[in-house]
Amino acid sequence: MDERPCEKDTTPIPPNEGYELRWASVSAEVPDWNRERINCYWDPGKRLLASIRSYQYWRSRYGLLAASMRRIAVLRHVFWSVVTGADIPLNTTIGGGLGLTHSNGIVIHPDSIIGINCLIFQQVTIGTGGKKPGVPMIGGHVDIGTGAKILGGVRIGNCVRIGANAVVLDDVPDNCTAVGIPARIIRHNACGDPMNNHVVIDHG
């Protein structure tokens, strides 16, 4: 395992067009496990996620080894949960390729479903308490901005972006961006064809 300290990313920030092309290249159907790869020792978000993956792997297995590995995974999960201040239960259904760039303060209900290749920033809450009963179901390739709240039994489609501090109380269809309190759709993202994006303001 690479124990080197994290190196600062000096890659220049790409122009908007380049960002859109990179964003559209992420699959909503095939998990990219490289997004979860731990590249340095002190990477709390990925370490926390790794403890969840380990627990879920050994949960379905039997024997002394499996029991011991589950206990170790639980201890790791407790440690990294304290470090990050995040509340992501061990039994949460999380698709492959989850990105936790800054994991502090993230809260996810254990019955929520997180799709593949999602990106969740700090202080995000995914849980109950919205207009609809139940818990959220997040599709594939969903980016959830800092401080966003997704509450109740809402369904978030594939290739969706949730703006920072947005409060999502209703379903968000595929290929859309939602912002505001309460969240409204302001943009349709042509996922896989970013050059054809167009802005649509919902005044409803």
# chains A, B, ... in the order shown; residues from 1 in each chain; ligands from 1
$ residues_around --residues "Ser112 (chain A)" --least-positions-apart "4" --cutoff "8 Å" --atoms "only C-alpha atoms" --output "PyMOL selection string"
chain A and resi 92-93+108+126-127+135-138
$ write_last_selection --atoms "C-alpha atoms" --output "PDB file, in the first residue's frame"
ATOM      1  CA  THR A  92     -25.918   1.455   3.261  1.00  0.00           C
ATOM      2  CA  THR A  93     -26.377   0.382  -0.370  1.00  0.00           C
ATOM      3  CA  ILE A 108     -26.855   9.168   4.698  1.00  0.00           C
ATOM      4  CA  ILE A 126     -29.636  12.181   2.332  1.00  0.00           C
ATOM      5  CA  GLY A 127     -32.533  10.946   4.430  1.00  0.00           C
ATOM      6  CA  VAL A 135     -35.934   7.638   1.710  1.00  0.00           C
ATOM      7  CA  PRO A 136     -34.115   8.880  -1.403  1.00  0.00           C
ATOM      8  CA  MET A 137     -33.001   6.687  -4.280  1.00  0.00           C
ATOM      9  CA  ILE A 138     -30.049   8.231  -6.089  1.00  0.00           C
TER      10      ILE A 138
END
$ residues_around --residues "Arg47 (chain A)" --least-positions-apart "5" --cutoff "9 Å" --atoms "only C-alpha atoms" --output "ChimeraX atom specification"
/A:38,41-42,52,76-77,80
$ residues_around --residues "Thr177 (chain A)" --least-positions-apart "2" --cutoff "6 Å" --atoms "only C-alpha atoms" --output "list of chain:residue names"
A:Val160, A:Arg161, A:Ile162, A:Ile185, A:Arg187
$ select_by_dssp --residues "region 8-161 of chain A" --states "strand (DSSP E)" --output "JSON, numbers by chain"
{"A": [93, 94, 107, 108, 113, 114, 119, 120, 125, 126, 127, 137, 138, 142, 143, 144, 149, 150, 151, 155, 156, 160, 161]}
$ write_last_selection --atoms "C-alpha atoms" --output "CSV table (one decimal), in the first residue's frame"
chain,number,residue,atom,x,y,z
A,93,THR,CA,-26.4,0.4,-0.4
A,94,ILE,CA,-23.7,2.2,-2.3
A,107,VAL,CA,-25.2,12.0,6.6
A,108,ILE,CA,-26.9,9.2,4.7
A,113,ILE,CA,-29.7,3.8,-2.3
A,114,ILE,CA,-26.7,5.5,-3.8
A,119,LEU,CA,-19.9,12.3,-6.1
A,120,ILE,CA,-20.9,13.6,-2.7
A,125,THR,CA,-27.8,15.0,4.0
A,126,ILE,CA,-29.6,12.2,2.3
A,127,GLY,CA,-32.5,10.9,4.4
A,137,MET,CA,-33.0,6.7,-4.3
A,138,ILE,CA,-30.0,8.2,-6.1
A,142,VAL,CA,-25.1,12.1,-9.6
A,143,ASP,CA,-23.0,15.0,-8.3
A,144,ILE,CA,-24.3,16.4,-5.0
A,149,LYS,CA,-30.3,18.1,1.4
A,150,ILE,CA,-32.2,15.3,-0.4
A,151,LEU,CA,-35.1,14.4,1.8
A,155,ARG,CA,-36.0,9.6,-7.0
A,156,ILE,CA,-32.9,11.2,-8.5
A,160,VAL,CA,-27.9,14.7,-12.4
A,161,ARG,CA,-26.2,17.6,-10.7
$ select_by_dssp --residues "chain A" --states "alpha helix (DSSP H)" --output "ChimeraX atom specification"
/A:16-24,44-59,64-84
$ closest_residue --among "A:Phe79, A:Leu98, A:Asn34, A:Ala28" --to "Gly157 (chain A)" --atoms "only C-alpha atoms"
A:Ala28
$ closest_residue --among "A:Val124, A:Leu100, A:Val26, A:Ala166" --to "Val179 (chain A)" --atoms "only C-alpha atoms"
A:Ala166
$ atom_distance --atom1 "CA of Asp87 (chain A)" --atom2 "CA of Tyr57 (chain A)"
19.6 Å
$ residues_around --residues "region 66-70 of chain A" --least-positions-apart "6" --cutoff "7 Å" --atoms "only C-alpha atoms" --output "list in words"
Tyr55, Trp58 and Arg59 of chain A
$ decode --residues "region 63-87 of chain A" --atoms "N, CA and C atoms" --output "mmCIF file, in the first residue's frame"
data_model
loop_
_atom_site.group_PDB
_atom_site.id
_atom_site.type_symbol
_atom_site.label_atom_id
_atom_site.label_comp_id
_atom_site.auth_asym_id
_atom_site.auth_seq_id
_atom_site.Cartn_x
_atom_site.Cartn_y
_atom_site.Cartn_z
ATOM 1 N N GLY A 63 -17.393 -18.145 9.314
ATOM 2 C CA GLY A 63 -16.140 -18.652 9.838
ATOM 3 C C GLY A 63 -15.438 -17.640 10.722
ATOM 4 N N LEU A 64 -14.383 -18.091 11.377
ATOM 5 C CA LEU A 64 -13.642 -17.253 12.305
ATOM 6 C C LEU A 64 -12.975 -16.077 11.606
ATOM 7 N N LEU A 65 -12.409 -16.344 10.435
ATOM 8 C CA LEU A 65 -11.757 -15.266 9.685
ATOM 9 C C LEU A 65 -12.753 -14.174 9.329
ATOM 10 N N ALA A 66 -13.918 -14.569 8.811
ATOM 11 C CA ALA A 66 -14.932 -13.585 8.419
ATOM 12 C C ALA A 66 -15.392 -12.778 9.626
ATOM 13 N N ALA A 67 -15.596 -13.448 10.758
ATOM 14 C CA ALA A 67 -16.026 -12.738 11.965
ATOM 15 C C ALA A 67 -14.971 -11.740 12.413
ATOM 16 N N SER A 68 -13.702 -12.145 12.342
ATOM 17 C CA SER A 68 -12.617 -11.250 12.739
ATOM 18 C C SER A 68 -12.513 -10.051 11.802
ATOM 19 N N MET A 69 -12.638 -10.293 10.503
ATOM 20 C CA MET A 69 -12.545 -9.193 9.531
ATOM 21 C C MET A 69 -13.711 -8.237 9.661
ATOM 22 N N ARG A 70 -14.885 -8.749 10.015
ATOM 23 C CA ARG A 70 -16.033 -7.860 10.230
ATOM 24 C C ARG A 70 -15.775 -6.940 11.424
ATOM 25 N N ARG A 71 -15.211 -7.501 12.494
ATOM 26 C CA ARG A 71 -14.916 -6.687 13.674
ATOM 27 C C ARG A 71 -13.890 -5.611 13.358
ATOM 28 N N ILE A 72 -12.884 -5.998 12.608
ATOM 29 C CA ILE A 72 -11.874 -5.012 12.212
ATOM 30 C C ILE A 72 -12.493 -3.910 11.360
ATOM 31 N N ALA A 73 -13.364 -4.305 10.424
ATOM 32 C CA ALA A 73 -14.032 -3.322 9.566
ATOM 33 C C ALA A 73 -14.885 -2.378 10.389
ATOM 34 N N VAL A 74 -15.572 -2.895 11.401
ATOM 35 C CA VAL A 74 -16.394 -2.050 12.265
ATOM 36 C C VAL A 74 -15.515 -1.041 13.013
ATOM 37 N N LEU A 75 -14.398 -1.495 13.539
ATOM 38 C CA LEU A 75 -13.491 -0.594 14.258
ATOM 39 C C LEU A 75 -12.931 0.483 13.327
ATOM 40 N N ARG A 76 -12.560 0.068 12.126
ATOM 41 C CA ARG A 76 -12.086 1.051 11.143
ATOM 42 C C ARG A 76 -13.176 2.055 10.816
ATOM 43 N N HIS A 77 -14.393 1.562 10.665
ATOM 44 C CA HIS A 77 -15.514 2.442 10.340
ATOM 45 C C HIS A 77 -15.756 3.450 11.453
ATOM 46 N N VAL A 78 -15.711 3.003 12.699
ATOM 47 C CA VAL A 78 -15.898 3.917 13.830
ATOM 48 C C VAL A 78 -14.817 4.991 13.826
ATOM 49 N N PHE A 79 -13.556 4.557 13.638
ATOM 50 C CA PHE A 79 -12.441 5.516 13.660
ATOM 51 C C PHE A 79 -12.595 6.572 12.577
ATOM 52 N N TRP A 80 -12.810 6.134 11.336
ATOM 53 C CA TRP A 80 -12.871 7.095 10.242
ATOM 54 C C TRP A 80 -14.167 7.912 10.266
ATOM 55 N N SER A 81 -15.224 7.379 10.869
ATOM 56 C CA SER A 81 -16.446 8.177 11.051
ATOM 57 C C SER A 81 -16.192 9.331 12.011
ATOM 58 N N VAL A 82 -15.419 9.056 13.073
ATOM 59 C CA VAL A 82 -15.069 10.116 14.022
ATOM 60 C C VAL A 82 -14.176 11.158 13.353
ATOM 61 N N VAL A 83 -13.213 10.691 12.581
ATOM 62 C CA VAL A 83 -12.292 11.612 11.905
ATOM 63 C C VAL A 83 -13.038 12.533 10.949
ATOM 64 N N THR A 84 -13.954 11.967 10.186
ATOM 65 C CA THR A 84 -14.661 12.757 9.172
ATOM 66 C C THR A 84 -15.910 13.455 9.701
ATOM 67 N N GLY A 85 -16.432 12.986 10.824
ATOM 68 C CA GLY A 85 -17.701 13.530 11.298
ATOM 69 C C GLY A 85 -18.860 13.113 10.424
ATOM 70 N N ALA A 86 -18.679 12.044 9.643
ATOM 71 C CA ALA A 86 -19.721 11.573 8.733
ATOM 72 C C ALA A 86 -20.531 10.455 9.380
ATOM 73 N N ASP A 87 -21.772 10.319 8.931
ATOM 74 C CA ASP A 87 -22.652 9.248 9.406
ATOM 75 C C ASP A 87 -23.147 8.475 8.191
#
